[in-house]
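Asks: Quick one, data-v9.cif (mmCIF, C-alpha atoms and all ligand atoms):
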data_structure
#
loop_
_atom_site.group_PDB
_atom_site.id
_atom_site.type_symbol
_atom_site.label_atom_id
_atom_site.label_comp_id
_atom_site.auth_asym_id
_atom_site.auth_seq_id
_atom_site.Cartn_x
_atom_site.Cartn_y
_atom_site.Cartn_z
ATOM 1 C CA MET Z 1 141.214 179.680 56.389
ATOM 2 C CA ALA Z 2 141.665 183.406 56.247
ATOM 3 C CA PHE Z 3 140.971 186.491 54.234
ATOM 4 C CA SER Z 4 143.276 186.814 51.257
ATOM 5 C CA GLY Z 5 143.104 190.526 50.512
ATOM 6 C CA ILE Z 6 141.005 193.349 49.133
ATOM 7 C CA ASP Z 7 138.575 192.294 46.410
ATOM 8 C CA ALA Z 8 137.041 195.723 45.859
ATOM 9 C CA VAL Z 9 136.949 199.285 47.134
ATOM 10 C CA ILE Z 10 133.780 201.319 46.610
ATOM 11 C CA PHE Z 11 134.007 205.107 46.364
ATOM 12 C CA GLY Z 12 131.404 207.877 46.455
ATOM 13 C CA VAL Z 13 132.513 210.938 44.476
ATOM 14 C CA SER Z 14 131.201 214.325 43.338
ATOM 15 C CA ASP Z 15 132.577 214.235 39.786
ATOM 16 C CA MET Z 16 132.114 210.928 37.968
ATOM 17 C CA ARG Z 17 133.777 212.189 34.770
ATOM 18 C CA GLU Z 18 136.936 213.270 36.559
ATOM 19 C CA ALA Z 19 137.017 209.936 38.403
ATOM 20 C CA GLN Z 20 136.768 208.156 35.049
ATOM 21 C CA ARG Z 21 139.552 210.282 33.546
ATOM 22 C CA PHE Z 22 141.798 209.494 36.503
ATOM 23 C CA LEU Z 23 141.157 205.740 36.432
ATOM 24 C CA ASP Z 24 141.830 205.622 32.679
ATOM 25 C CA ASP Z 25 145.195 207.270 33.300
ATOM 26 C CA TRP Z 26 145.973 205.189 36.427
ATOM 27 C CA GLY Z 27 146.234 202.049 34.291
ATOM 28 C CA THR Z 28 143.280 200.149 35.702
ATOM 29 C CA HIS Z 29 141.061 198.388 33.172
ATOM 30 C CA LYS Z 30 137.601 199.619 32.227
ATOM 31 C CA VAL Z 31 134.749 197.156 32.897
ATOM 32 C CA VAL Z 32 131.667 199.354 33.370
ATOM 33 C CA VAL Z 33 131.398 203.015 32.408
ATOM 34 C CA ARG Z 34 127.978 204.562 32.986
ATOM 35 C CA ASP Z 35 126.941 208.004 34.141
ATOM 36 C CA ASP Z 36 126.030 206.542 37.544
ATOM 37 C CA LYS Z 37 128.604 203.769 37.951
ATOM 38 C CA LEU Z 38 132.231 203.012 37.101
ATOM 39 C CA VAL Z 39 133.968 199.679 37.544
ATOM 40 C CA TYR Z 40 137.701 199.380 36.826
ATOM 41 C CA GLU Z 41 139.837 196.310 37.440
ATOM 42 C CA THR Z 42 143.401 195.590 38.384
ATOM 43 C CA ARG Z 43 145.214 192.754 36.611
ATOM 44 C CA ASP Z 44 144.026 190.245 39.235
ATOM 45 C CA ALA Z 45 140.361 191.339 38.787
ATOM 46 C CA GLY Z 46 140.316 193.415 41.962
ATOM 47 C CA GLN Z 47 137.756 196.195 41.490
ATOM 48 C CA ILE Z 48 137.497 199.920 41.992
ATOM 49 C CA ILE Z 49 133.787 200.743 41.959
ATOM 50 C CA VAL Z 50 132.692 204.374 41.851
ATOM 51 C CA TYR Z 51 129.243 205.905 42.375
ATOM 52 C CA ASP Z 52 128.023 209.453 42.575
ATOM 53 C CA GLN Z 53 128.231 210.426 46.224
ATOM 54 C CA SER Z 54 124.503 211.250 46.262
ATOM 55 C CA ASN Z 55 123.562 207.629 45.472
ATOM 56 C CA PRO Z 56 121.230 206.635 48.333
ATOM 57 C CA GLU Z 57 122.351 203.004 48.189
ATOM 58 C CA LEU Z 58 125.928 203.872 49.154
ATOM 59 C CA PRO Z 59 126.896 203.154 52.756
ATOM 60 C CA PRO Z 60 127.626 206.382 54.655
ATOM 61 C CA GLY Z 61 131.079 207.940 54.408
ATOM 62 C CA ILE Z 62 133.231 208.046 57.524
ATOM 63 C CA GLU Z 63 134.488 211.483 56.480
ATOM 64 C CA PRO Z 64 132.993 214.267 54.344
ATOM 65 C CA GLY Z 65 133.573 214.598 50.609
ATOM 66 C CA ASN Z 66 134.922 212.148 48.063
ATOM 67 C CA THR Z 67 136.006 208.998 49.835
ATOM 68 C CA VAL Z 68 135.800 205.236 50.285
ATOM 69 C CA ARG Z 69 132.335 203.996 51.235
ATOM 70 C CA GLU Z 70 133.008 200.263 51.528
ATOM 71 C CA VAL Z 71 135.758 197.668 51.350
ATOM 72 C CA ILE Z 72 135.006 194.137 50.098
ATOM 73 C CA TRP Z 73 137.431 191.685 51.690
ATOM 74 C CA GLY Z 74 138.039 188.456 49.795
ATOM 75 C CA ALA Z 75 138.181 185.200 51.746
ATOM 76 C CA ALA Z 76 139.679 181.859 50.795
ATOM 77 C CA ASP Z 77 136.377 180.054 51.353
ATOM 78 C CA LYS Z 78 132.827 180.247 52.726
ATOM 79 C CA GLU Z 79 133.916 178.782 56.053
ATOM 80 C CA THR Z 80 136.220 181.750 56.675
ATOM 81 C CA ILE Z 81 133.313 184.118 56.126
ATOM 82 C CA ALA Z 82 130.932 182.096 58.333
ATOM 83 C CA ALA Z 83 133.495 181.971 61.146
ATOM 84 C CA THR Z 84 134.114 185.714 60.826
ATOM 85 C CA LEU Z 85 130.389 186.442 61.003
ATOM 86 C CA ASP Z 86 130.159 184.302 64.146
ATOM 87 C CA ARG Z 87 132.982 186.281 65.725
ATOM 88 C CA CYS Z 88 131.201 189.513 64.718
ATOM 89 C CA ARG Z 89 128.041 188.372 66.531
ATOM 90 C CA SER Z 90 130.079 187.379 69.605
ATOM 91 C CA ALA Z 91 131.599 190.865 69.559
ATOM 92 C CA GLY Z 92 128.117 192.418 69.419
ATOM 93 C CA ILE Z 93 128.352 193.407 65.727
ATOM 94 C CA GLU Z 94 125.257 192.164 63.896
ATOM 95 C CA PRO Z 95 125.879 191.269 60.233
ATOM 96 C CA ARG Z 96 123.361 192.267 57.550
ATOM 97 C CA ILE Z 97 122.827 190.884 54.068
ATOM 98 C CA GLY Z 98 122.924 193.379 51.208
ATOM 99 C CA ASP Z 99 120.770 193.364 48.069
ATOM 100 C CA ASP Z 100 123.728 191.745 46.305
ATOM 101 C CA GLY Z 101 123.592 188.832 48.774
ATOM 102 C CA LEU Z 102 126.906 189.700 50.414
ATOM 103 C CA PRO Z 103 127.160 189.735 54.195
ATOM 104 C CA ARG Z 104 128.146 193.108 55.601
ATOM 105 C CA VAL Z 105 129.259 194.529 58.891
ATOM 106 C CA THR Z 106 130.313 197.970 60.043
ATOM 107 C CA ASP Z 107 133.750 198.262 61.602
ATOM 108 C CA PRO Z 108 134.276 200.293 64.819
ATOM 109 C CA ASN Z 109 135.203 203.286 62.642
ATOM 110 C CA GLY Z 110 131.814 203.259 60.902
ATOM 111 C CA LEU Z 111 133.171 201.862 57.609
ATOM 112 C CA SER Z 112 131.038 199.297 55.798
ATOM 113 C CA LEU Z 113 132.768 195.974 55.073
ATOM 114 C CA ALA Z 114 131.414 193.261 52.803
ATOM 115 C CA PHE Z 115 132.773 189.732 52.536
ATOM 116 C CA GLN Z 116 132.934 187.360 49.569
ATOM 117 C CA VAL Z 117 134.821 184.268 48.515
ATOM 118 C CA THR Z 118 137.549 185.982 46.568
ATOM 119 C CA GLN Z 119 136.873 186.692 42.914
ATOM 120 C CA ARG Z 120 140.483 187.691 42.274
ATOM 121 C CA GLU Z 121 142.974 185.612 40.353
ATOM 122 C CA VAL Z 122 146.298 184.730 41.926
ATOM 123 C CA MET Z 123 148.903 186.633 39.926
ATOM 124 C CA THR Z 124 152.513 185.584 39.608
ATOM 125 C CA VAL Z 125 154.434 188.563 38.283
ATOM 126 C CA PRO Z 126 158.217 188.353 38.191
ATOM 127 C CA ALA Z 127 160.008 191.553 39.175
ATOM 128 C CA THR Z 128 162.953 192.634 37.062
ATOM 129 C CA PRO Z 129 166.036 190.912 38.493
ATOM 130 C CA VAL Z 130 168.765 193.128 39.958
ATOM 131 C CA ASN Z 131 172.463 192.687 39.216
ATOM 132 C CA GLY Z 132 174.821 192.663 42.179
ATOM 133 C CA PRO Z 133 178.589 193.034 41.630
ATOM 134 C CA GLY Z 134 179.872 189.566 40.890
ATOM 135 C CA ALA Z 135 176.334 188.284 41.349
ATOM 136 C CA PRO Z 136 174.411 189.079 38.158
ATOM 137 C CA ARG Z 137 170.784 187.989 38.118
ATOM 138 C CA ARG Z 138 169.757 189.862 34.954
ATOM 139 C CA ILE Z 139 171.932 188.543 32.170
ATOM 140 C CA ASP Z 140 171.706 189.583 28.515
ATOM 141 C CA GLN Z 141 168.500 191.368 29.418
ATOM 142 C CA ARG Z 142 167.802 195.113 29.660
ATOM 143 C CA SER Z 143 165.946 196.662 32.572
ATOM 144 C CA PRO Z 144 162.550 198.031 31.451
ATOM 145 C CA VAL Z 145 161.351 201.620 31.169
ATOM 146 C CA HIS Z 146 157.570 201.673 31.660
ATOM 147 C CA ASP Z 147 155.499 204.272 29.836
ATOM 148 C CA ARG Z 148 152.593 203.681 32.250
ATOM 149 C CA ALA Z 149 151.628 201.419 35.133
ATOM 150 C CA ASP Z 150 149.368 198.382 34.890
ATOM 151 C CA PRO Z 151 148.413 197.828 38.552
ATOM 152 C CA ILE Z 152 148.394 194.197 39.607
ATOM 153 C CA LYS Z 153 146.144 194.392 42.650
ATOM 154 C CA ILE Z 154 144.726 196.552 45.399
ATOM 155 C CA GLY Z 155 147.407 195.775 47.954
ATOM 156 C CA HIS Z 156 146.348 197.721 51.010
ATOM 157 C CA ILE Z 157 144.200 200.397 52.540
ATOM 158 C CA VAL Z 158 145.142 202.775 55.351
ATOM 159 C CA LEU Z 159 142.529 203.984 57.804
ATOM 160 C CA PHE Z 160 142.526 206.784 60.374
ATOM 161 C CA ALA Z 161 140.918 205.312 63.491
ATOM 162 C CA ASN Z 162 138.650 207.261 65.776
ATOM 163 C CA ASP Z 163 139.075 204.578 68.465
ATOM 164 C CA PHE Z 164 142.441 202.973 67.768
ATOM 165 C CA ALA Z 165 142.171 200.218 70.404
ATOM 166 C CA ALA Z 166 138.715 199.191 69.170
ATOM 167 C CA MET Z 167 139.891 199.099 65.557
ATOM 168 C CA ARG Z 168 143.046 197.133 66.402
ATOM 169 C CA GLY Z 169 140.937 194.667 68.387
ATOM 170 C CA PHE Z 170 138.331 194.257 65.644
ATOM 171 C CA TYR Z 171 140.796 193.574 62.837
ATOM 172 C CA THR Z 172 142.999 191.195 64.861
ATOM 173 C CA ASP Z 173 140.392 189.350 66.961
ATOM 174 C CA VAL Z 174 137.343 189.380 64.671
ATOM 175 C CA MET Z 175 138.880 189.554 61.178
ATOM 176 C CA GLY Z 176 141.827 187.378 62.200
ATOM 177 C CA PHE Z 177 144.499 189.668 60.718
ATOM 178 C CA VAL Z 178 148.129 189.281 61.846
ATOM 179 C CA VAL Z 179 150.293 192.101 63.222
ATOM 180 C CA SER Z 180 153.371 192.744 61.043
ATOM 181 C CA ASP Z 181 154.762 195.841 62.795
ATOM 182 C CA GLU Z 182 153.477 198.440 65.170
ATOM 183 C CA TYR Z 183 153.788 201.933 66.583
ATOM 184 C CA PRO Z 184 152.301 201.038 69.961
ATOM 185 C CA GLY Z 185 149.170 203.084 70.567
ATOM 186 C CA HIS Z 186 149.611 204.978 67.273
ATOM 187 C CA GLY Z 187 149.649 202.623 64.323
ATOM 188 C CA VAL Z 188 149.479 198.958 63.419
ATOM 189 C CA PHE Z 189 150.414 197.218 60.160
ATOM 190 C CA LEU Z 190 148.261 194.135 59.589
ATOM 191 C CA ARG Z 191 148.323 191.377 57.002
ATOM 192 C CA CYS Z 192 145.362 189.107 56.293
ATOM 193 C CA LYS Z 193 147.257 185.941 57.193
ATOM 194 C CA ALA Z 194 150.682 184.803 58.379
ATOM 195 C CA LEU Z 195 151.952 184.035 54.868
ATOM 196 C CA GLY Z 196 151.742 187.127 52.776
ATOM 197 C CA GLU Z 197 152.852 190.645 51.964
ATOM 198 C CA HIS Z 198 153.713 192.984 54.833
ATOM 199 C CA HIS Z 199 150.367 194.766 55.108
ATOM 200 C CA ASN Z 200 146.896 194.678 53.650
ATOM 201 C CA LEU Z 201 145.708 197.200 56.223
ATOM 202 C CA PHE Z 202 147.416 199.925 58.238
ATOM 203 C CA ILE Z 203 145.475 201.626 61.012
ATOM 204 C CA LEU Z 204 146.539 205.037 62.297
ATOM 205 C CA ASN Z 205 145.292 206.593 65.508
ATOM 206 C CA ARG Z 206 143.414 209.865 64.888
ATOM 207 C CA PRO Z 207 140.783 210.313 67.607
ATOM 208 C CA GLY Z 208 137.788 212.388 66.627
ATOM 209 C CA LYS Z 209 138.607 212.291 62.914
ATOM 210 C CA PRO Z 210 138.073 208.888 61.326
ATOM 211 C CA GLY Z 211 138.932 208.685 57.648
ATOM 212 C CA ILE Z 212 140.796 207.035 54.812
ATOM 213 C CA ASN Z 213 144.511 207.849 54.550
ATOM 214 C CA HIS Z 214 145.128 206.163 51.186
ATOM 215 C CA VAL Z 215 144.499 203.129 48.982
ATOM 216 C CA ALA Z 216 147.501 201.366 47.442
ATOM 217 C CA PHE Z 217 148.023 199.502 44.179
ATOM 218 C CA THR Z 218 150.747 196.897 43.782
ATOM 219 C CA VAL Z 219 152.930 197.138 40.674
ATOM 220 C CA ALA Z 220 155.667 194.781 39.525
ATOM 221 C CA ASP Z 221 158.814 196.573 40.615
ATOM 222 C CA VAL Z 222 160.481 199.910 41.280
ATOM 223 C CA HIS Z 223 160.717 200.625 37.543
ATOM 224 C CA GLU Z 224 156.930 200.449 37.240
ATOM 225 C CA VAL Z 225 156.492 202.715 40.275
ATOM 226 C CA ILE Z 226 158.721 205.317 38.606
ATOM 227 C CA GLY Z 227 157.410 204.864 35.054
ATOM 228 C CA GLY Z 228 153.812 204.847 36.243
ATOM 229 C CA GLY Z 229 154.353 207.934 38.365
ATOM 230 C CA ILE Z 230 156.054 209.881 35.583
ATOM 231 C CA ALA Z 231 153.175 208.967 33.244
ATOM 232 C CA MET Z 232 150.655 210.332 35.770
ATOM 233 C CA SER Z 233 152.715 213.532 36.140
ATOM 234 C CA LYS Z 234 152.772 213.954 32.351
ATOM 235 C CA LYS Z 235 148.982 213.739 32.342
ATOM 236 C CA GLY Z 236 148.884 216.555 34.875
ATOM 237 C CA TRP Z 237 147.963 214.609 38.010
ATOM 238 C CA LYS Z 238 149.543 216.061 41.143
ATOM 239 C CA THR Z 239 151.843 214.111 43.403
ATOM 240 C CA GLU Z 240 150.968 213.944 47.076
ATOM 241 C CA ILE Z 241 154.418 212.580 47.888
ATOM 242 C CA GLY Z 242 156.882 210.429 46.015
ATOM 243 C CA PRO Z 243 158.661 208.712 44.626
ATOM 244 C CA GLY Z 244 160.219 207.485 47.839
ATOM 245 C CA ARG Z 245 160.880 204.446 49.957
ATOM 246 C CA HIS Z 246 159.306 203.191 53.185
ATOM 247 C CA PRO Z 247 161.841 201.677 55.581
ATOM 248 C CA ILE Z 248 158.988 199.808 57.295
ATOM 249 C CA SER Z 249 157.769 197.284 54.659
ATOM 250 C CA SER Z 250 160.755 198.229 52.402
ATOM 251 C CA ALA Z 251 158.431 199.311 49.577
ATOM 252 C CA TYR Z 252 159.045 201.959 46.937
ATOM 253 C CA PHE Z 253 156.065 204.305 46.662
ATOM 254 C CA TRP Z 254 154.489 207.227 44.808
ATOM 255 C CA TYR Z 255 151.186 208.795 45.974
ATOM 256 C CA PHE Z 256 148.836 210.910 43.834
ATOM 257 C CA HIS Z 257 146.006 213.296 44.572
ATOM 258 C CA ASN Z 258 142.904 212.278 42.651
ATOM 259 C CA PRO Z 259 139.159 212.875 42.234
ATOM 260 C CA LEU Z 260 138.241 209.685 44.136
ATOM 261 C CA GLY Z 261 139.235 211.301 47.437
ATOM 262 C CA PRO Z 262 142.095 209.864 49.475
ATOM 263 C CA PRO Z 263 145.502 209.669 47.775
ATOM 264 C CA LEU Z 264 146.135 206.577 45.667
ATOM 265 C CA GLU Z 265 149.543 204.916 45.731
ATOM 266 C CA TYR Z 266 151.666 202.846 43.392
ATOM 267 C CA TYR Z 267 154.052 200.646 45.338
ATOM 268 C CA ALA Z 268 156.396 197.698 44.803
ATOM 269 C CA ASP Z 269 158.869 195.395 46.520
ATOM 270 C CA GLU Z 270 157.312 195.216 49.977
ATOM 271 C CA ASP Z 271 158.484 192.643 52.510
ATOM 272 C CA PHE Z 272 156.962 189.183 52.255
ATOM 273 C CA CYS Z 273 156.266 187.527 55.606
ATOM 274 C CA THR Z 274 155.822 184.013 56.934
ATOM 275 C CA GLU Z 275 155.167 182.669 60.431
ATOM 276 C CA ALA Z 276 158.842 183.439 61.099
ATOM 277 C CA TRP Z 277 158.464 187.208 60.521
ATOM 278 C CA LYS Z 278 159.290 189.075 63.731
ATOM 279 C CA PRO Z 279 157.033 192.091 64.313
ATOM 280 C CA GLN Z 280 158.825 195.138 65.647
ATOM 281 C CA SER Z 281 157.603 198.082 67.667
ATOM 282 C CA PHE Z 282 158.722 201.489 66.458
ATOM 283 C CA GLU Z 283 158.530 204.979 67.836
ATOM 284 C CA ARG Z 284 156.594 207.180 65.444
ATOM 285 C CA LYS Z 285 158.856 209.601 63.550
ATOM 286 C CA PRO Z 286 158.956 210.975 59.997
ATOM 287 C CA GLU Z 287 162.047 209.025 58.908
ATOM 288 C CA LEU Z 288 160.105 205.811 59.512
ATOM 289 C CA PHE Z 289 157.453 206.903 57.007
ATOM 290 C CA ALA Z 290 160.100 207.523 54.363
ATOM 291 C CA GLU Z 291 163.812 206.813 54.242
ATOM 292 C CA TRP Z 292 163.717 209.306 51.376
ATOM 293 C CA ALA Z 293 160.941 210.883 49.350
ATOM 294 C CA ILE Z 294 160.476 213.612 46.783
ATOM 295 C CA ALA Z 295 157.966 216.105 48.090
ATOM 296 C CA GLY Z 296 156.605 217.409 44.792
ATOM 297 C CA GLY Z 297 156.992 214.419 42.509
ATOM 298 C CA ILE Z 298 159.011 214.333 39.311
ATOM 299 C CA ASP Z 299 158.002 216.611 36.491
ATOM 300 C CA GLY Z 300 156.751 214.535 33.571
ATOM 301 C CA THR Z 301 158.454 216.724 30.991
ATOM 302 C CA THR Z 302 161.818 217.522 32.513
ATOM 303 C CA ARG Z 303 162.073 214.555 34.904
ATOM 304 C CA ARG Z 304 163.359 216.948 37.549
ATOM 305 C CA GLN Z 305 161.778 217.464 40.925
ATOM 306 C CA VAL Z 306 158.723 219.664 41.051
ATOM 307 C CA VAL Z 307 158.792 222.229 43.840
ATOM 308 C CA ALA Z 308 156.118 220.992 46.178
ATOM 309 C CA ALA Z 309 153.009 223.136 46.177
ATOM 310 C CA ASP Z 310 151.364 220.905 48.739
ATOM 311 C CA ASN Z 311 153.890 219.542 51.157
ATOM 312 C CA SER Z 312 151.426 219.335 53.983
ATOM 313 C CA GLY Z 313 153.056 216.332 55.631
ATOM 314 C CA ARG Z 314 149.641 214.731 55.853
ATOM 315 C CA GLY Z 315 150.108 212.061 58.503
ATOM 316 C CA HIS Z 316 151.090 208.735 56.984
ATOM 317 C CA ALA Z 317 153.109 206.990 59.619
HETATM 318 FE FE FE C 1 150.714 202.568 51.376
#
Translate this structure into C-alpha cells?
Ligand SMILES: [Fe+2]
Replies:
Amino acid sequence: MAFSGIDAVIFGVSDMREAQRFLDDWGTHKVVVRDDKLVYETRDAGQIIVYDQSNPELPPGIEPGNTVREVIWGAADKETIAATLDRCRSAGIEPRIGDDGLPRVTDPNGLSLAFQVTQREVMTVPATPVNGPGAPRRIDQRSPVHDRADPIKIGHIVLFANDFAAMRGFYTDVMGFVVSDEYPGHGVFLRCKALGEHHNLFILNRPGKPGINHVAFTVADVHEVIGGGIAMSKKGWKTEIGPGRHPISSAYFWYFHNPLGPPLEYYADEDFCTEAWKPQSFERKPELFAEWAIAGGIDGTTRRQVVAADNSGRGHA
C-alpha cells in the first residue's frame, strides 16, 4: 500500500491562451479547452489542469506569478489514503474534503495536496534497444527520429522547501515516500515506494523562498527527449537548459520555459529502484546536476547550439 505517483498537477496562470498553445506543442492530449479551464493528459491519463490565476477556488500559490497550485497524488487503494490521513492527523495536519470529494492537506511548504485512488493507467513502453559492440540488441531495426514528444506520464515534481527538515519529515514519515539519494541538509530525492523509478519528488532547501523548481514528463527514451526538444525549439519555445544528462538518476533531460510557470522537463532512462537500491549521500556541486548539458538548447532549424540568453544557473541540484 503506497502512493503510485502524480495523478495531476493544477496550475494557476495569467494567460490561458498561451498556456493552451504551449500544451498543444508539448505533446499532451487535449481533454477540456474552455476560456476558464484547460485539461491535458499524458498517455497514462495523468492530467495537467490549468485555471486562470484569479480563480477564487484555486488553492493559494506558494510563490507569486504563474505556478503550481496543487498536486494530486495517486494511491494504489483507499486504505493507503485512509492511513495517510491518519498520519496527517497524528502530525497535527487536519485534512479537509474539497467540493470534488477528494481529501486534501497542506504540506509544510504551504502547497495543497489532494489524494485519490489513481486514475492513471499503467503504461508499458519499450525504449529503443541499444546496440553494444558484439552485443546487438536492436537487430534489423532502425533507431527512431521523433518529430515531437508524446509524454507518457508526469514523472516527478521538484519543490523548493522553506523548511527543508519539515518537508523531508512530512514526505517520508507522513506520505511514506522512500529516500533514493540525498544531499544531506540540502536536497532529497524521494520515490513513492521501494519499487519504482528513482524519484517522484525532489525537495531542495531554499529557506525563505518556497516554490516550484520544475515539473517533469517521462518520455520513452533519449531519442524522444531530443526529438521532442527540437520540436519545441522549432515552435519557438525557449530552453531553460538541455539537452543534458543527470548523473544522479542517470536520466537524459531537456527543460523549457513556458507560460505555466516553472520549467517543464522531458526526461528518459532514469534509474529504476527496488528494495536493494542503495541510497547515496552527495555533496552539492554543479557537476552532480548535469554530467553535461547544453545551456541554450539546440536550434530547431540548424540543430546547432543556441547561445544561451538565459544561463542563470537557476538552482536545480
Ligand atoms: Fe527533473
Asks: Residues within 9 Å of ligand FE 1 (chain C) (only C-alpha atoms and all ligand atoms), as a ChimeraX atom specification?
Replies: /Z:155-158,199,201-202,213-217,246,251,253-255,264-267,316
Asks: List the residues selected by the PyMOL selection byres (((chain Z and resi 90-105) around 10) and not hetatm) in the file shown, writing them as a list of chain:residue names.
Replies: Z:Glu57, Z:Glu70, Z:Val71, Z:Ile72, Z:Ile81, Z:Ala82, Z:Thr84, Z:Leu85, Z:Asp86, Z:Arg87, Z:Cys88, Z:Arg89, Z:Thr106, Z:Asp107, Z:Pro108, Z:Gly110, Z:Leu111, Z:Ser112, Z:Leu113, Z:Ala114, Z:Phe115, Z:Gln116, Z:Val117, Z:Phe170, Z:Asp173, Z:Val174
Asks: Specify as an mmCIF file with C-alpha atoms, in the frame of the given file each residue included when the PyMOL selection byres (((chain Z and resi 64) around 12) and not hetatm) is applied to this file.
Replies:
data_model
loop_
_atom_site.group_PDB
_atom_site.id
_atom_site.type_symbol
_atom_site.label_atom_id
_atom_site.label_comp_id
_atom_site.auth_asym_id
_atom_site.auth_seq_id
_atom_site.Cartn_x
_atom_site.Cartn_y
_atom_site.Cartn_z
ATOM 1 C CA GLY Z 12 131.404 207.877 46.455
ATOM 2 C CA VAL Z 13 132.513 210.938 44.476
ATOM 3 C CA SER Z 14 131.201 214.325 43.338
ATOM 4 C CA GLN Z 53 128.231 210.426 46.224
ATOM 5 C CA PRO Z 60 127.626 206.382 54.655
ATOM 6 C CA GLY Z 61 131.079 207.940 54.408
ATOM 7 C CA ILE Z 62 133.231 208.046 57.524
ATOM 8 C CA GLU Z 63 134.488 211.483 56.480
ATOM 9 C CA GLY Z 65 133.573 214.598 50.609
ATOM 10 C CA ASN Z 66 134.922 212.148 48.063
ATOM 11 C CA THR Z 67 136.006 208.998 49.835
ATOM 12 C CA VAL Z 68 135.800 205.236 50.285
ATOM 13 C CA ARG Z 69 132.335 203.996 51.235
ATOM 14 C CA LYS Z 209 138.607 212.291 62.914
ATOM 15 C CA PRO Z 210 138.073 208.888 61.326
ATOM 16 C CA GLY Z 211 138.932 208.685 57.648
ATOM 17 C CA ILE Z 212 140.796 207.035 54.812
ATOM 18 C CA GLY Z 261 139.235 211.301 47.437
ATOM 19 C CA PRO Z 262 142.095 209.864 49.475
#
Asks: Which is closest to Asp77 (chain Z) among Z:Asp221, Z:Leu23, Z:Thr118, Z:Ile294, if we use all atoms listed in the file?
Replies: Z:Thr118
Asks: Between CA of Ile152 (chain Z) and CA of Phe282 (chain Z), what is the distance, to one decimal in Å?
Replies: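 Value for the CA of Ile152 (chain Z)-CA of Phe282 (chain Z) distance: 29.7 Å.
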Asks: If you count all atoms listed in the file, which residues fall within 10 Å of Asn258 (chain Z), apart from same-chain ones fewer than 5 positions away, as a PyMOL selection string?
Replies: chain Z and resi 18-19+21-23+26+66+237-240+263-264
Asks: Return as a ChimeraX atom specification the set of residues that the PyMOL selection byres (((chain Z and resi 47) around 12) and not hetatm) yields on the displayed structure.
Replies: /Z:5-11,23,28-32,38-46,48-50,70-74,118-121,151-155,217
Asks: Neighbourhood query: residues within 7 Å of (160.1, 210.0, 50.0), file coordinates, counting only C-alpha atoms; return as a PyMOL selection string.
Replies: chain Z and resi 241-245+290-295
